[in-house]
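This is start00.csv. It holds CSV, C-alpha atoms and all ligand atoms.
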chain,number,residue,atom,x,y,z
A,5,MET,CA,4.6,-71.8,3.0
A,6,GLY,CA,2.1,-71.3,5.8
A,7,LYS,CA,-1.4,-69.9,6.1
A,8,GLU,CA,-3.0,-67.2,4.0
A,9,ILE,CA,-3.4,-64.3,6.3
A,10,ALA,CA,-4.1,-60.5,6.5
A,11,ILE,CA,-2.1,-58.3,8.9
A,12,VAL,CA,-3.5,-55.1,10.4
A,13,MET,CA,-1.2,-52.8,12.3
A,14,GLY,CA,-3.0,-50.2,14.5
A,15,ALA,CA,-5.9,-52.6,14.8
A,16,SER,CA,-7.2,-51.6,18.2
A,17,SER,CA,-9.0,-48.4,17.1
A,18,GLY,CA,-10.2,-46.2,14.3
A,19,MET,CA,-9.4,-47.1,10.7
A,20,GLY,CA,-7.2,-50.1,11.7
A,21,ARG,CA,-10.1,-51.6,13.6
A,22,GLU,CA,-12.4,-50.9,10.6
A,23,CYS,CA,-9.9,-52.7,8.4
A,24,VAL,CA,-10.1,-55.8,10.6
A,25,LEU,CA,-13.9,-55.9,10.4
A,26,GLN,CA,-14.2,-55.1,6.7
A,27,ILE,CA,-11.3,-57.4,5.6
A,28,ALA,CA,-12.9,-60.3,7.7
A,29,ALA,CA,-16.3,-59.7,6.0
A,30,LYS,CA,-14.9,-59.2,2.5
A,31,TYR,CA,-12.3,-62.0,2.4
A,32,PRO,CA,-13.7,-65.0,4.1
A,33,GLY,CA,-11.2,-67.3,2.4
A,34,LEU,CA,-8.4,-66.0,4.6
A,35,GLU,CA,-7.2,-68.4,7.2
A,36,GLU,CA,-6.0,-65.9,9.9
A,37,LEU,CA,-6.0,-62.3,10.7
A,38,TRP,CA,-3.1,-60.9,12.7
A,39,VAL,CA,-4.0,-57.8,14.6
A,40,ILE,CA,-1.3,-55.6,16.1
A,41,ALA,CA,-1.4,-52.8,18.6
A,42,ARG,CA,-0.4,-52.1,22.2
A,43,ARG,CA,-3.8,-52.4,23.9
A,44,LYS,CA,-4.4,-56.1,24.6
A,45,ASP,CA,-8.0,-55.8,25.7
A,46,ARG,CA,-9.0,-54.0,22.5
A,47,LEU,CA,-7.3,-56.6,20.3
A,48,GLU,CA,-8.9,-59.5,22.2
A,49,ALA,CA,-12.3,-57.8,21.9
A,50,LEU,CA,-12.0,-58.3,18.1
A,51,VAL,CA,-11.8,-62.1,18.4
A,52,PRO,CA,-15.5,-62.7,19.0
A,53,MET,CA,-16.5,-60.0,16.5
A,54,VAL,CA,-14.9,-61.9,13.6
A,55,GLY,CA,-16.6,-65.2,13.1
A,56,THR,CA,-15.3,-66.0,9.7
A,57,MET,CA,-11.6,-66.7,10.5
A,58,GLU,CA,-9.1,-66.9,13.4
A,59,VAL,CA,-7.9,-63.6,14.8
A,60,ARG,CA,-4.5,-63.6,16.4
A,61,PRO,CA,-3.9,-60.6,18.7
A,62,ILE,CA,-0.2,-59.6,18.7
A,63,VAL,CA,0.4,-57.1,21.5
A,64,MET,CA,3.4,-54.9,20.8
A,65,ASP,CA,4.7,-51.4,20.6
A,66,VAL,CA,5.9,-51.2,17.0
A,67,THR,CA,8.2,-48.3,17.7
A,68,LYS,CA,10.4,-50.7,19.8
A,69,LYS,CA,13.1,-52.5,17.8
A,70,LYS,CA,13.0,-55.5,20.1
A,71,GLU,CA,9.3,-55.9,19.6
A,72,LEU,CA,9.5,-55.7,15.9
A,73,GLU,CA,12.2,-58.3,16.0
A,74,ARG,CA,9.7,-60.5,17.8
A,75,LEU,CA,7.3,-60.0,14.8
A,76,GLU,CA,10.2,-60.8,12.4
A,77,LYS,CA,10.8,-64.1,14.3
A,78,LEU,CA,7.1,-65.0,14.3
A,79,LEU,CA,7.0,-64.4,10.5
A,80,ALA,CA,10.1,-66.6,10.0
A,81,GLU,CA,8.5,-69.4,12.1
A,82,GLU,CA,5.1,-69.3,10.5
A,83,THR,CA,6.1,-68.3,6.9
A,84,PRO,CA,2.5,-67.0,6.2
A,85,ARG,CA,1.4,-65.9,2.8
A,86,VAL,CA,0.3,-62.3,3.5
A,87,ARG,CA,-2.5,-61.5,1.1
A,88,ILE,CA,-3.4,-58.1,2.7
A,89,ALA,CA,-1.3,-55.9,4.9
A,90,ALA,CA,-2.9,-52.7,6.3
A,91,LEU,CA,-0.4,-50.4,8.1
A,92,ALA,CA,-2.6,-48.0,10.0
A,93,ALA,CA,-0.7,-47.4,13.2
A,94,GLY,CA,0.0,-43.7,13.4
A,95,CYS,CA,-0.3,-40.6,15.6
A,96,GLY,CA,-0.2,-36.8,15.3
A,97,TYR,CA,0.1,-33.8,17.6
A,98,ASN,CA,-1.1,-30.4,16.8
A,99,GLY,CA,0.9,-27.3,17.7
A,100,ALA,CA,3.7,-25.0,16.7
A,101,PHE,CA,7.0,-26.9,16.4
A,102,ARG,CA,8.5,-25.0,19.4
A,103,ASP,CA,5.6,-26.0,21.6
A,104,LEU,CA,5.6,-29.7,21.0
A,105,GLN,CA,7.2,-32.1,23.5
A,106,THR,CA,10.4,-33.7,22.4
A,107,ASP,CA,8.7,-37.1,22.9
A,108,GLU,CA,5.8,-36.1,20.6
A,109,VAL,CA,8.2,-35.2,17.8
A,110,ARG,CA,10.0,-38.4,18.3
A,111,ASN,CA,6.8,-40.5,18.4
A,112,MET,CA,5.4,-39.1,15.2
A,113,VAL,CA,8.6,-39.8,13.2
A,114,ARG,CA,9.2,-43.2,14.8
A,115,LEU,CA,5.6,-44.5,14.5
A,116,ASN,CA,4.5,-42.9,11.3
A,117,ASP,CA,7.7,-43.4,9.3
A,118,GLU,CA,10.4,-45.7,10.9
A,119,SER,CA,8.0,-48.4,12.1
A,120,LEU,CA,5.9,-48.3,8.9
A,121,ALA,CA,8.9,-48.6,6.6
A,122,VAL,CA,10.6,-51.3,8.7
A,123,SER,CA,7.3,-53.3,9.0
A,124,MET,CA,6.8,-53.1,5.3
A,125,HIS,CA,10.3,-54.4,4.8
A,126,LEU,CA,9.7,-57.2,7.2
A,127,PHE,CA,6.4,-58.2,5.4
A,128,LEU,CA,7.9,-58.1,1.9
A,129,PRO,CA,9.3,-61.6,1.8
A,130,TYR,CA,5.8,-62.9,2.7
A,131,LEU,CA,4.0,-60.9,0.0
A,132,ASN,CA,3.6,-62.5,-3.4
A,133,GLU,CA,1.6,-62.3,-6.6
A,134,GLY,CA,-1.8,-60.7,-5.9
A,135,SER,CA,-0.9,-59.5,-2.4
A,136,LYS,CA,-2.2,-56.0,-1.5
A,137,VAL,CA,-0.9,-53.4,0.9
A,138,LEU,CA,-2.6,-50.3,2.3
A,139,LEU,CA,-0.2,-47.7,3.7
A,140,PHE,CA,-2.0,-45.1,5.8
A,141,ALA,CA,-0.7,-41.6,4.8
A,142,SER,CA,-3.1,-38.6,5.0
A,143,SER,CA,-4.3,-35.6,3.0
A,144,ALA,CA,-1.8,-33.8,5.3
A,145,ALA,CA,0.8,-35.4,3.0
A,146,PHE,CA,-0.1,-33.2,0.1
A,147,ALA,CA,1.4,-29.9,1.4
A,148,PRO,CA,3.3,-28.6,4.5
A,149,GLN,CA,1.0,-27.5,7.4
A,150,VAL,CA,1.4,-24.7,9.9
A,151,ASN,CA,1.0,-26.1,13.4
A,152,PHE,CA,1.0,-29.7,12.2
A,153,GLY,CA,4.4,-29.6,10.5
A,154,VAL,CA,6.0,-32.8,11.8
A,155,TYR,CA,2.9,-34.8,11.2
A,156,ALA,CA,2.4,-33.4,7.6
A,157,ALA,CA,6.1,-34.1,6.9
A,158,SER,CA,5.8,-37.6,8.3
A,159,LYS,CA,2.9,-38.4,6.1
A,160,SER,CA,4.6,-37.0,3.0
A,161,PHE,CA,7.3,-39.6,3.7
A,162,VAL,CA,4.5,-42.3,3.8
A,163,LEU,CA,3.0,-41.0,0.6
A,164,SER,CA,6.3,-40.9,-1.2
A,165,LEU,CA,7.3,-44.4,-0.1
A,166,ALA,CA,3.9,-45.8,-1.0
A,167,ARG,CA,4.0,-44.3,-4.5
A,168,THR,CA,7.5,-45.7,-5.1
A,169,LEU,CA,6.6,-49.1,-3.8
A,170,HIS,CA,3.5,-49.1,-6.0
A,171,TYR,CA,5.8,-49.0,-9.1
A,172,GLU,CA,8.8,-51.0,-7.6
A,173,LEU,CA,6.5,-54.0,-6.6
A,174,ARG,CA,4.3,-53.9,-9.7
A,175,ARG,CA,6.5,-56.3,-11.5
A,176,ASP,CA,5.9,-58.8,-8.7
A,177,LYS,CA,2.1,-58.1,-9.0
A,178,ILE,CA,2.0,-56.7,-5.5
A,179,CYS,CA,-0.2,-53.7,-5.2
A,180,VAL,CA,0.6,-50.8,-2.8
A,181,THR,CA,-2.1,-48.2,-2.2
A,182,ALA,CA,-1.6,-45.0,-0.2
A,183,VAL,CA,-4.6,-44.0,1.8
A,184,CYS,CA,-5.0,-40.2,2.2
A,185,PRO,CA,-8.1,-39.2,4.1
A,186,GLY,CA,-8.8,-35.8,5.6
A,187,PRO,CA,-10.1,-35.6,9.2
A,188,VAL,CA,-11.7,-38.8,10.3
A,189,GLU,CA,-13.7,-39.3,13.5
A,190,THR,CA,-11.4,-41.5,15.5
A,191,GLU,CA,-9.4,-41.3,18.7
A,192,PHE,CA,-6.6,-39.8,16.7
A,193,LEU,CA,-8.4,-36.3,16.9
A,194,ALA,CA,-8.4,-36.1,20.7
A,195,ILE,CA,-4.8,-37.2,20.8
A,196,ALA,CA,-3.8,-34.7,18.1
A,197,SER,CA,-5.5,-31.8,19.8
A,198,HIS,CA,-4.2,-32.8,23.3
A,199,GLY,CA,-7.8,-33.4,24.4
A,200,GLU,CA,-9.0,-29.8,23.5
A,201,ALA,CA,-11.6,-28.9,20.9
A,202,TYR,CA,-10.6,-29.8,17.4
A,203,ASP,CA,-9.8,-27.1,14.8
A,204,PRO,CA,-13.3,-25.9,13.7
A,205,LEU,CA,-12.3,-25.6,10.1
A,206,LYS,CA,-11.1,-29.2,9.9
A,207,ALA,CA,-14.1,-30.4,12.0
A,208,LYS,CA,-16.4,-29.3,9.0
A,209,PHE,CA,-14.8,-32.0,6.9
A,210,LEU,CA,-15.1,-34.9,9.4
A,211,VAL,CA,-15.9,-38.3,7.9
A,212,GLN,CA,-16.5,-41.8,9.3
A,213,PRO,CA,-13.7,-44.4,9.5
A,214,LYS,CA,-16.0,-47.1,8.0
A,215,ASP,CA,-16.5,-45.1,4.8
A,216,VAL,CA,-12.8,-44.3,4.4
A,217,VAL,CA,-11.9,-47.9,4.8
A,218,ALA,CA,-14.6,-49.2,2.5
A,219,LYS,CA,-13.2,-46.8,-0.2
A,220,ALA,CA,-9.6,-47.8,0.5
A,221,LEU,CA,-10.5,-51.5,0.1
A,222,LYS,CA,-12.3,-50.8,-3.2
A,223,ASP,CA,-9.3,-48.7,-4.5
A,224,MET,CA,-6.9,-51.5,-3.3
A,225,GLU,CA,-8.9,-54.0,-5.3
A,226,ARG,CA,-8.8,-51.8,-8.4
A,227,GLY,CA,-5.0,-51.6,-8.1
A,228,ARG,CA,-5.0,-47.9,-7.4
A,229,GLU,CA,-1.9,-46.0,-6.3
A,230,LEU,CA,-3.9,-43.6,-4.2
A,231,SER,CA,-7.2,-43.6,-2.2
A,232,VAL,CA,-8.6,-40.2,-1.4
A,233,TYR,CA,-12.1,-40.3,0.2
A,234,SER,CA,-14.5,-37.4,-0.3
A,235,THR,CA,-14.8,-34.7,-2.9
A,236,SER,CA,-13.5,-32.0,-0.6
A,237,MET,CA,-10.2,-33.9,0.0
A,238,LYS,CA,-9.9,-34.5,-3.8
A,239,LEU,CA,-10.3,-30.7,-4.2
A,240,VAL,CA,-7.6,-30.2,-1.5
A,241,ARG,CA,-5.3,-32.5,-3.4
A,242,PHE,CA,-5.9,-30.6,-6.6
A,243,ALA,CA,-5.4,-27.2,-5.0
A,244,THR,CA,-2.1,-28.3,-3.4
A,245,LYS,CA,-0.9,-29.2,-6.9
A,246,ILE,CA,-1.6,-25.9,-8.5
A,247,VAL,CA,-1.3,-23.4,-5.6
A,248,PRO,CA,2.3,-22.6,-4.6
A,249,HIS,CA,3.0,-24.1,-1.2
A,250,ALA,CA,4.4,-20.8,0.1
A,251,TRP,CA,0.9,-19.3,-0.4
A,252,ILE,CA,-0.8,-22.2,1.4
A,253,LEU,CA,1.6,-21.7,4.3
A,254,TRP,CA,1.0,-17.9,4.4
A,255,TRP,CA,-2.8,-18.5,4.4
A,256,GLU,CA,-2.5,-21.1,7.2
A,257,SER,CA,-0.3,-18.9,9.3
A,258,ARG,CA,-2.6,-15.8,9.3
A,259,GLY,CA,-3.3,-14.7,12.9
A,260,LYS,CA,-1.2,-17.5,14.4
B,1,LIG,N1,-8.2,-39.7,12.1
B,1,LIG,C1,-7.7,-38.8,11.2
B,1,LIG,O1,-8.2,-37.7,11.1
B,1,LIG,C2,-6.7,-39.3,10.2
B,1,LIG,C3,-6.6,-38.6,9.0
B,1,LIG,C4,-5.7,-39.0,8.0
B,1,LIG,C5,-4.8,-40.0,8.3
B,1,LIG,N2,-4.9,-40.7,9.5
B,1,LIG,C6,-3.9,-41.8,9.7
B,1,LIG,O2,-4.6,-43.0,9.6
B,1,LIG,C7,-4.0,-44.0,10.5
B,1,LIG,C8,-5.1,-44.5,11.4
B,1,LIG,O3,-5.5,-43.4,12.2
B,1,LIG,P1,-6.8,-43.5,13.1
B,1,LIG,O4,-7.5,-42.2,12.9
B,1,LIG,O5,-7.5,-44.8,12.9
B,1,LIG,O6,-6.1,-43.4,14.6
B,1,LIG,P2,-6.4,-44.1,16.0
B,1,LIG,O7,-7.9,-44.4,16.1
B,1,LIG,O8,-5.8,-43.2,17.0
B,1,LIG,O9,-5.7,-45.5,15.9
B,1,LIG,C9,-4.3,-45.5,15.9
B,1,LIG,C10,-3.8,-47.0,16.0
B,1,LIG,O10,-2.4,-47.0,16.1
B,1,LIG,C11,-2.0,-47.8,17.2
B,1,LIG,N3,-0.8,-47.4,17.8
B,1,LIG,C12,-0.4,-46.2,18.2
B,1,LIG,N4,0.8,-46.2,18.7
B,1,LIG,C13,1.3,-47.5,18.5
B,1,LIG,C14,2.5,-48.1,18.8
B,1,LIG,N5,3.5,-47.5,19.4
B,1,LIG,N6,2.6,-49.5,18.6
B,1,LIG,C15,1.6,-50.2,18.0
B,1,LIG,N7,0.4,-49.6,17.7
B,1,LIG,C16,0.3,-48.3,18.0
B,1,LIG,C17,-3.2,-47.6,18.2
B,1,LIG,O11,-3.3,-48.7,19.1
B,1,LIG,P3,-2.7,-48.8,20.6
B,1,LIG,O12,-2.9,-47.4,21.2
B,1,LIG,O13,-3.6,-49.8,21.2
B,1,LIG,O14,-1.3,-49.2,20.5
B,1,LIG,C18,-4.4,-47.6,17.3
B,1,LIG,O15,-4.8,-48.9,17.0
B,1,LIG,C19,-2.9,-43.2,11.2
B,1,LIG,O16,-1.7,-43.5,10.4
B,1,LIG,C20,-3.2,-41.8,11.0
B,1,LIG,O17,-2.1,-41.0,11.0
B,1,LIG,C21,-5.8,-40.3,10.4
Mind converting the file's structure to structure tokens?
Amino acid sequence: MGKEIAIVMGASSGMGRECVLQIAAKYPGLEELWVIARRKDRLEALVPMVGTMEVRPIVMDVTKKKELERLEKLLAEETPRVRIAALAAGCGYNGAFRDLQTDEVRNMVRLNDESLAVSMHLFLPYLNEGSKVLLFASSAAFAPQVNFGVYAASKSFVLSLARTLHYELRRDKICVTAVCPGPVETEFLAIASHGEAYDPLKAKFLVQPKDVVAKALKDMERGRELSVYSTSMKLVRFATKIVPHAWILWWESRGK
């Protein structure tokens, strides 16, 4: 077996970038950190920021089968022991289903679901006793959302998969935690709102990526199935368990 490493997908920005910085600070015993995203300059900028271990930028579009095959080959060549994997690459686009571009629909499903599930499957042979995985879902996973329907559905997929894996992999002592934040101040928001002002109701609940990631790493260490940052999102989760989803959809669709 090769080096002890952590892998962060979606490392060039937002919560993925935070994962890189906080994992490097918290786990100095790791030998290497593999950081994955499309923007090479952003990944390379992480190298001097992490002094405690080697950072290996891997520039790829994880929605492309050929590029994931390159990652599969690299894993087979290096046979690393993956101590931590944080799968944070994701995107969302606001808008009624009929108004979305076909590519936006495709991108959400491919990136949030297909690439995440396939990557998790590629990493699995290199995870072993004590390994930990963060799968980035969202509080949008808790219930369907008017004008954010594909995104919410794509994140329900992640939450459902993460919860299953939490139990399936428990016998191998591998811990999978679903991270389910509400709105977080990252590039994601401008992309989601097509560069326009963000939904004022959601903007009231904005939190910082460093706080969400710090809580996620703590929950991961405690072996939790779920990491939900902030009291308001815990309340949202509770509400979506007791209020019929048809009522939530009716409330969300008023005046739209
Ligand atoms: N921000 C929020 O309000 C919020 C709330 C709940 C959950 N989340 C979820 O949390 C995760 C992280 O979100 P964030 O807010 O940190 O978003 P972000 O700042 O927009 O970062 C997204 C990351 O994904 C990477 N990425 C996008 N498309 C990719 C592709 N095709 N191949 C490889 N990498 C790709 C981006 O890098 P490149 O562009 O360089 O490829 C970037 O590093 C996502 O799964 C998101 O859905 C976000």
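Each of A:Arg226, A:His198, A:Arg60, A:Lys44 was compared to ligand LIG 1 (chain B) using all atoms listed in the file, and A:Lys44 turns out to be the nearest.
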Measuring between only C-alpha atoms, which one of A:Phe209, A:Phe101, A:Tyr155, A:Phe146 shows the shortest distance to Asn116 (chain A)? A:Tyr155
Could you list, as a PyMOL selection string, every residue within 12 Å of region 173-176 of chain A, counting all atoms listed in the file and ignoring same-chain residues fewer than 2 positions away? chain A and resi 124+128-129+131-137+165-171+178-181+227-229
What lies within 8 Å of Leu91 (chain A) using all atoms listed in the file, ignoring chain neighbours under 2 positions off, as a ChimeraX atom specification? /A:12-14,20,89,93,120,137-140
Between CA of Ala196 (chain A) and CA of Gly96 (chain A), distance in Å (one decimal):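 Value for the CA of Ala196 (chain A)-CA of Gly96 (chain A) distance: 5.0 Å.
Nearest to Val188 (chain A) of all the residues A:Phe161, A:Tyr233, A:Trp251, A:Phe242 is A:Tyr233, based on only C-alpha atoms.
Shortest atom-to-atom contact with Tyr202 (chain A) among A:Gly153, A:Gly99, A:Pro84, A:Gly55: A:Gly99, counting all atoms listed in the file.
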Using all atoms listed in the file, which of the listed residues (A:Ile11, A:Ala145, A:Leu34, A:Val109) sits closest to Ser160 (chain A)? A:Ala145
What does the distance between CA of Ala218 (chain A) and CA of Gly94 (chain A) come to in Å, to one decimal place?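 Calculated distance between CA of Ala218 (chain A) and CA of Gly94 (chain A) is 19.0 Å.
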Tell me, counting all atoms listed in the file, for each residue of chain A within 8 Å of ligand LIG 1 (chain B), which pair of atoms is nearest and how far apart they are in Å to one decimal, in rows ordered by chain and increasing number, as a tab-separated table.
residue	atom	partner	partner_atom	distance
A:Met13	CA	B:LIG1	N7	6.5
A:Gly14	CA	B:LIG1	O15	3.3
A:Ala15	CA	B:LIG1	O15	4.4
A:Ser16	CA	B:LIG1	O15	3.8
A:Ser17	CA	B:LIG1	O15	4.2
A:Gly18	CA	B:LIG1	O5	3.3
A:Met19	CA	B:LIG1	O5	3.7
A:Gly20	CA	B:LIG1	O5	5.4
A:Arg21	CA	B:LIG1	O15	6.9
A:Ile40	CA	B:LIG1	C15	6.4
A:Ala41	CA	B:LIG1	N7	3.8
A:Arg42	CA	B:LIG1	O14	3.5
A:Arg43	CA	B:LIG1	O13	3.8
A:Lys44	CA	B:LIG1	O13	7.2
A:Arg46	CA	B:LIG1	O13	7.0
A:Leu47	CA	B:LIG1	O13	7.8
A:Val63	CA	B:LIG1	C15	7.8
A:Met64	CA	B:LIG1	C15	5.8
A:Asp65	CA	B:LIG1	N6	3.5
A:Val66	CA	B:LIG1	N6	4.0
A:Thr67	CA	B:LIG1	N5	5.1
A:Lys68	CA	B:LIG1	N5	7.6
A:Leu91	CA	B:LIG1	O16	7.4
A:Ala92	CA	B:LIG1	C7	4.3
A:Ala93	CA	B:LIG1	O10	3.4
A:Gly94	CA	B:LIG1	O16	3.5
A:Cys95	CA	B:LIG1	O17	5.0
A:Gly96	CA	B:LIG1	O17	6.3
A:Asn111	CA	B:LIG1	N5	7.8
A:Leu115	CA	B:LIG1	N5	6.1
A:Asn116	CA	B:LIG1	O16	6.3
A:Phe140	CA	B:LIG1	O16	4.9
A:Ala141	CA	B:LIG1	C5	5.6
A:Ser142	CA	B:LIG1	C5	4.0
A:Ser143	CA	B:LIG1	C4	6.2
A:Ala144	CA	B:LIG1	C4	7.0
A:Tyr155	CA	B:LIG1	O17	8.0
A:Lys159	CA	B:LIG1	O17	7.5
A:Val183	CA	B:LIG1	C5	7.6
A:Cys184	CA	B:LIG1	C4	6.0
A:Pro185	CA	B:LIG1	C4	4.6
A:Gly186	CA	B:LIG1	C3	4.9
A:Pro187	CA	B:LIG1	O1	3.4
A:Val188	CA	B:LIG1	O1	3.8
A:Glu189	CA	B:LIG1	N1	5.7
A:Thr190	CA	B:LIG1	O7	4.6
A:Glu191	CA	B:LIG1	O7	4.3
A:Phe192	CA	B:LIG1	O8	3.5
A:Leu193	CA	B:LIG1	N1	5.9
A:Ile195	CA	B:LIG1	O8	7.2
A:Leu210	CA	B:LIG1	O1	7.6
A:Pro213	CA	B:LIG1	O5	7.1
Distance in Å - CA of Leu126 (chain A) versus CA of Ile9 (chain A):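 We find that CA of Leu126 (chain A) and CA of Ile9 (chain A) lie 14.9 Å from each other.
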Counting only C-alpha atoms, the option among A:Ala201, A:Val39, A:Val150, A:Ala29 closest to Ala100 (chain A):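 Checking each candidate against Ala100 (chain A), we get A:Val150 as the closest.
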Ref. answer, residues at most 7 Å from (-4.0, -63.6, 8.5) with only C-alpha atoms, as a list of chain:residue names: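 The requested residues, written out, are A:Glu8, A:Ile9, A:Ala10, A:Ile11, A:Leu34, A:Glu35, A:Glu36, A:Leu37, A:Trp38, A:Val86.
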Residues within 9 Å of Glu82 (chain A), please, as JSON, numbers by chain. Count all atoms listed in the file; anything in the same chain fewer than 6 positions from it doesn't count. {"A": [5, 6, 7]}
